[in-house]
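The structure appears below as structure tokens.
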Amino acid sequence: MPTVGILGAGAMGAGIAQVAATAGWTVRLIDVDVETVAAAIQGVQARLDRAVGKGRMDTAAAAETLSRLQASTITDLGDCDLFIEAIVEDLDIKASAVAPAIDVLPADAIIATNTSSLSVGDLGARLDAGDRVCGMHFFNPAPIMKLVEVVRGRETRDDVVDRVAEIASSWGKQVARCADTPGFIVNRVARPYYLEAFRCLEDGLADAASIDAAMKTIGGFRMGPFELTDFIGHDVNTATTRTVWEQWDRPARLLPSHTQEQLAAEGNLGRKTGCGVYDWSGAEPMAVLRPPQEAATGVEALSDIAARLCLAATSNAEAAKKASSSQQIAFMRVLAAVLNEAAWAASDGVADPDDIDIAMRAGVNYPKGPFEWWRSIGEDLMGEVLAALRENVQADRFSRPPEAPGDASH
Ligand SMILES: NC(=O)c1ccc[n+]([C@@H]2O[C@H](COP(=O)([O-])OP(=O)(O)OC[C@H]3O[C@@H](n4cnc5c(N)ncnc54)[C@H](O)[C@@H]3O)[C@@H](O)[C@H]2O)c1
């Protein structure tokens, strides 16, 4: 029976352990804190019990899954085909915690890291095992989120990347292959969804609830950018933005939002503190972050093209027509910024357009992949939209990459 060793039994390690055990793998779960392992196994048991209660799993399958989960130590790793580290996000700590495991693992075992923001290649080099170290980036909660980004470090062998992709697929995940670059795919391409929405608010274009409603009704996004950042937490969301922005040499497109960073600094982190962009203490969320008094400029110049873009991009023409002009412009700005960032990511060699599409659909539940969306809107209209935004909003935020997505996707 295939066996995986998982180091770190926190939120991610426990979730990955459940995924692997459900797929029939024996799991050796390890943590510096033995009680964390016990709690993780109990957590999996509770989730399996719920699945049985809802009729999604039978009792025998749940019991078998649980029996495959074993609280272990590093010395038990001698029979593992795969090892996944999911401990704290610190290169020094990861390197020194994984090194003893390498001494015990079979010489051909694959070593995967669930890091979100560190370089897979740097970890491989520190471990002197770069050829068999690969990124296997799950999303939280791992049993529910469908995506795994498979990240090739600078020395990772082809067969290792292929095998990790194959294992992730056999565990029921969708795989997006990507290069070892800051934010990988999702944490980079999703940034403008939040950032451009904050800029629309800062510009006085519309209030938070109207922008959220526009993204959901016109675009079919499950959550608007403000309710989503309130859900993620502004501390976590701004930290990721800042890391990705810094590591990509501070492009204007990814500049952190001052308003959002202020929310984080004030401790208004979103749902977990009861207040962020919205106040969550009542029956219905109430927007507390207000746009400035002065009305936004440039609305007239953008209304016509925004109406056209909304109709071309929506699968709900009724909602697109009913939206106010400000909502249509906000929708256009946010969607164009996301699609353009996807084009930049492909042009920077982060991943192929098809993998970017898979990642954004499966990793953050976008209703369409950015390139799929771009093609359905059409290159002519997208070109016109980006030119209008460069002229009327900000030139360098909507600058196009050297390679147009039409070229990159063919
Ligand atoms: N939480 C997320 O949303 C998310 C999503 C994708 C990837 N990640 C990445 O997954 C990794 C783990 O994140 P998490 O959210 O599960 O963290 P967590 O804090 O919930 O769990 C980390 C676990 O690692 C253990 N640990 C720390 N040092 C250790 C050591 N030296 N040896 C053994 N165990 C040790 C801790 O006791 C803890 O149980 C990080 O690299 C993170 O960036 C997190």
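Residues are referred to by chain and number: the chain letter is A, B, ... according to the order shown in the structure tokens, the number counts from 1 in that chain, and ligands are numbered separately from 1 in the order shown.
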* Report as a VMD selection string: the residues of region 93-257 of chain A with a DSSP assignment of alpha helix (DSSP H), based on the backbone of this structure. => chain A and resid 93 to 104 120 to 127 158 to 170 186 to 189 191 to 202 208 to 217 225 to 232 234 to 247
* Which neighbours of Tyr194 (chain A) fall inside 8 Å, counting only C-alpha atoms, when residues of the same chain fewer than 3 positions from it are skipped, and could you give them as a PyMOL selection string? -> chain A and resi 190-191+197-198+225-226+229
* Asked: Looking at only C-alpha atoms, which of A:Glu196, A:Ala206, A:Arg222, A:Thr243 is the one that sits closest to Pro182 (chain A)?
  ->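 Checking each of A:Glu196, A:Ala206, A:Arg222, A:Thr243 against Pro182 (chain A), counting only C-alpha atoms, the winner is A:Thr243.
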* Do you know which residues are at most 9 Å from Ala21 (chain A) counting only C-alpha atoms, after dropping those on the same chain fewer than 3 positions away, and could you put them as a VMD selection string? -> chain A and resid 16 to 18 24 to 27 64 to 69
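Proximity of A:Ile211, A:Ala60, A:Met12, A:Ala336 to ligand 1, computed with only C-alpha atoms and all ligand atoms, is greatest for A:Met12.
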* **Contacts of Glu246 (chain A) within 10 Å, only C-alpha atoms, excl. fewer than 4 positions in-chain, as a ChimeraX atom specification** => /A:182,240-242,250-251,254-256
* Just list the residues in region 153-397 of chain A DSSP gives strand (DSSP E) on the backbone, as a list in words. =>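 Output for region 153-397 of chain A, strand (DSSP E) only: Gln174, Val175, Ala176, Arg177, Cys178, Ala179, Tyr278, Asp279, Met286 and Ala287 of chain A.
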* Can you tell me which residues come within 7 Å of ligand 1 when counting only C-alpha atoms and all ligand atoms, ideally as a list in words? => Leu7, Gly8, Ala9, Gly10, Ala11, Met12, Gly13, Ile30, Asp31, Val32, Asp33, Thr36, Ala86, Ile87, Val88, Glu89, Ile93, Lys94, Ala97, Asn114, Thr115, Ser116, Ser117, His137, Phe138, Phe139 and Asn140 of chain A
Output N, CA and C atoms of each residue in that selection to a file, as a PDB file, in the first residue's frame.
ATOM      1  N   LEU A   7       4.708  15.785   7.774  1.00  0.00           N
ATOM      2  CA  LEU A   7       5.309  16.487   8.908  1.00  0.00           C
ATOM      3  C   LEU A   7       4.538  17.785   9.130  1.00  0.00           C
ATOM      4  N   GLY A   8       3.940  17.923  10.317  1.00  0.00           N
ATOM      5  CA  GLY A   8       3.102  19.078  10.616  1.00  0.00           C
ATOM      6  C   GLY A   8       1.654  18.626  10.585  1.00  0.00           C
ATOM      7  N   ALA A   9       1.004  18.654  11.756  1.00  0.00           N
ATOM      8  CA  ALA A   9      -0.382  18.173  11.829  1.00  0.00           C
ATOM      9  C   ALA A   9      -1.328  19.321  12.160  1.00  0.00           C
ATOM     10  N   GLY A  10      -0.955  20.526  11.698  1.00  0.00           N
ATOM     11  CA  GLY A  10      -1.816  21.701  11.902  1.00  0.00           C
ATOM     12  C   GLY A  10      -2.951  21.691  10.893  1.00  0.00           C
ATOM     13  N   ALA A  11      -3.457  22.892  10.598  1.00  0.00           N
ATOM     14  CA  ALA A  11      -4.616  22.998   9.698  1.00  0.00           C
ATOM     15  C   ALA A  11      -4.364  22.264   8.386  1.00  0.00           C
ATOM     16  N   MET A  12      -3.218  22.494   7.764  1.00  0.00           N
ATOM     17  CA  MET A  12      -2.972  21.918   6.440  1.00  0.00           C
ATOM     18  C   MET A  12      -2.575  20.444   6.525  1.00  0.00           C
ATOM     19  N   GLY A  13      -1.648  20.120   7.433  1.00  0.00           N
ATOM     20  CA  GLY A  13      -1.192  18.736   7.541  1.00  0.00           C
ATOM     21  C   GLY A  13      -2.348  17.786   7.838  1.00  0.00           C
ATOM     22  N   ILE A  30       3.117  13.251  11.666  1.00  0.00           N
ATOM     23  CA  ILE A  30       4.131  13.628  12.672  1.00  0.00           C
ATOM     24  C   ILE A  30       4.006  15.114  13.003  1.00  0.00           C
ATOM     25  N   ASP A  31       4.233  15.455  14.257  1.00  0.00           N
ATOM     26  CA  ASP A  31       4.292  16.875  14.638  1.00  0.00           C
ATOM     27  C   ASP A  31       5.249  16.992  15.809  1.00  0.00           C
ATOM     28  N   VAL A  32       5.829  18.184  15.952  1.00  0.00           N
ATOM     29  CA  VAL A  32       6.718  18.434  17.077  1.00  0.00           C
ATOM     30  C   VAL A  32       5.932  18.292  18.388  1.00  0.00           C
ATOM     31  N   ASP A  33       4.631  18.512  18.287  1.00  0.00           N
ATOM     32  CA  ASP A  33       3.761  18.442  19.449  1.00  0.00           C
ATOM     33  C   ASP A  33       2.834  17.228  19.284  1.00  0.00           C
ATOM     34  N   THR A  36      -0.897  17.596  19.129  1.00  0.00           N
ATOM     35  CA  THR A  36      -1.450  18.130  17.872  1.00  0.00           C
ATOM     36  C   THR A  36      -1.810  16.986  16.936  1.00  0.00           C
ATOM     37  N   ALA A  86       4.406  20.210   6.096  1.00  0.00           N
ATOM     38  CA  ALA A  86       3.386  21.257   6.227  1.00  0.00           C
ATOM     39  C   ALA A  86       3.562  21.911   7.592  1.00  0.00           C
ATOM     40  N   ILE A  87       4.804  22.368   7.847  1.00  0.00           N
ATOM     41  CA  ILE A  87       5.059  23.022   9.144  1.00  0.00           C
ATOM     42  C   ILE A  87       5.154  24.535   8.925  1.00  0.00           C
ATOM     43  N   VAL A  88       5.587  25.255   9.959  1.00  0.00           N
ATOM     44  CA  VAL A  88       5.575  26.721   9.896  1.00  0.00           C
ATOM     45  C   VAL A  88       6.311  27.260   8.664  1.00  0.00           C
ATOM     46  N   GLU A  89       5.838  28.423   8.206  1.00  0.00           N
ATOM     47  CA  GLU A  89       6.343  29.013   6.962  1.00  0.00           C
ATOM     48  C   GLU A  89       7.667  29.746   7.214  1.00  0.00           C
ATOM     49  N   ILE A  93      13.483  26.817   9.572  1.00  0.00           N
ATOM     50  CA  ILE A  93      12.817  25.777  10.375  1.00  0.00           C
ATOM     51  C   ILE A  93      12.461  24.589   9.486  1.00  0.00           C
ATOM     52  N   LYS A  94      11.965  24.871   8.295  1.00  0.00           N
ATOM     53  CA  LYS A  94      11.599  23.761   7.390  1.00  0.00           C
ATOM     54  C   LYS A  94      12.851  22.933   7.075  1.00  0.00           C
ATOM     55  N   ALA A  97      13.988  20.871  10.045  1.00  0.00           N
ATOM     56  CA  ALA A  97      13.057  19.806  10.460  1.00  0.00           C
ATOM     57  C   ALA A  97      12.983  18.684   9.424  1.00  0.00           C
ATOM     58  N   ASN A 114       4.491  22.045   1.207  1.00  0.00           N
ATOM     59  CA  ASN A 114       3.198  22.724   1.033  1.00  0.00           C
ATOM     60  C   ASN A 114       3.365  24.241   1.177  1.00  0.00           C
ATOM     61  N   THR A 115       4.592  24.728   1.076  1.00  0.00           N
ATOM     62  CA  THR A 115       4.805  26.164   1.265  1.00  0.00           C
ATOM     63  C   THR A 115       3.935  27.001   0.338  1.00  0.00           C
ATOM     64  N   SER A 116       3.493  28.171   0.854  1.00  0.00           N
ATOM     65  CA  SER A 116       2.716  29.108   0.030  1.00  0.00           C
ATOM     66  C   SER A 116       3.595  30.204  -0.531  1.00  0.00           C
ATOM     67  N   SER A 117       4.701  30.503   0.155  1.00  0.00           N
ATOM     68  CA  SER A 117       5.420  31.711  -0.238  1.00  0.00           C
ATOM     69  C   SER A 117       6.936  31.570  -0.280  1.00  0.00           C
ATOM     70  N   HIS A 137       1.192  22.319  -3.403  1.00  0.00           N
ATOM     71  CA  HIS A 137       0.515  23.385  -2.663  1.00  0.00           C
ATOM     72  C   HIS A 137      -0.992  23.163  -2.618  1.00  0.00           C
ATOM     73  N   PHE A 138      -1.452  22.687  -1.468  1.00  0.00           N
ATOM     74  CA  PHE A 138      -2.885  22.471  -1.242  1.00  0.00           C
ATOM     75  C   PHE A 138      -3.506  23.788  -0.768  1.00  0.00           C
ATOM     76  N   PHE A 139      -4.823  23.864  -0.846  1.00  0.00           N
ATOM     77  CA  PHE A 139      -5.542  25.041  -0.375  1.00  0.00           C
ATOM     78  C   PHE A 139      -6.392  24.656   0.839  1.00  0.00           C
ATOM     79  N   ASN A 140      -6.731  25.632   1.620  1.00  0.00           N
ATOM     80  CA  ASN A 140      -7.394  25.410   2.900  1.00  0.00           C
ATOM     81  C   ASN A 140      -8.913  25.587   2.780  1.00  0.00           C
TER      82      ASN A 140
END
* To do: Would you please work out which residue, of A:Gly130, A:Leu339, A:Glu261, A:Ala61, is nearest to Gly383 (chain A) when using only C-alpha atoms?
  => A:Leu339
* Show which residues sit within 12 Å of Ala51 (chain A), as a ChimeraX atom specification. Count only C-alpha atoms, and ignore same-chain residues fewer than 5 positions away. => /A:22,44-46,56-59,61-63,143
Let me see the file: selected residues, N, CA and C atoms, as a tab-separated table (two decimals), in the first residue's frame.
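Below is the file that was written, again14.tsv:
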chain	number	residue	atom	x	y	z
A	22	THR	N	-8.19	9.02	2.73
A	22	THR	CA	-9.44	8.75	2.00
A	22	THR	C	-9.15	8.10	0.65
A	44	VAL	N	-10.11	14.58	12.01
A	44	VAL	CA	-10.45	13.81	10.82
A	44	VAL	C	-11.62	12.88	11.13
A	45	GLN	N	-11.54	12.24	12.31
A	45	GLN	CA	-12.63	11.32	12.69
A	45	GLN	C	-13.98	12.06	12.73
A	46	ALA	N	-13.97	13.25	13.30
A	46	ALA	CA	-15.22	14.02	13.39
A	46	ALA	C	-15.75	14.34	11.99
A	56	ARG	N	-22.69	10.46	2.83
A	56	ARG	CA	-21.70	10.60	1.75
A	56	ARG	C	-20.59	9.53	1.83
A	57	MET	N	-20.59	8.77	2.91
A	57	MET	CA	-19.56	7.74	3.08
A	57	MET	C	-20.19	6.64	3.93
A	58	ASP	N	-19.82	5.35	3.66
A	58	ASP	CA	-20.41	4.35	4.56
A	58	ASP	C	-19.49	4.12	5.77
A	59	THR	N	-20.06	3.54	6.79
A	59	THR	CA	-19.35	3.40	8.07
A	59	THR	C	-18.05	2.61	7.92
A	61	ALA	N	-16.13	2.29	5.25
A	61	ALA	CA	-15.11	3.09	4.55
A	61	ALA	C	-14.50	4.12	5.49
A	62	ALA	N	-15.34	4.72	6.34
A	62	ALA	CA	-14.84	5.72	7.29
A	62	ALA	C	-13.88	5.06	8.27
A	63	ALA	N	-14.24	3.87	8.76
A	63	ALA	CA	-13.37	3.17	9.73
A	63	ALA	C	-12.05	2.79	9.07
A	143	PRO	N	-9.39	19.07	2.44
A	143	PRO	CA	-10.34	18.05	1.98
A	143	PRO	C	-11.41	18.63	1.04
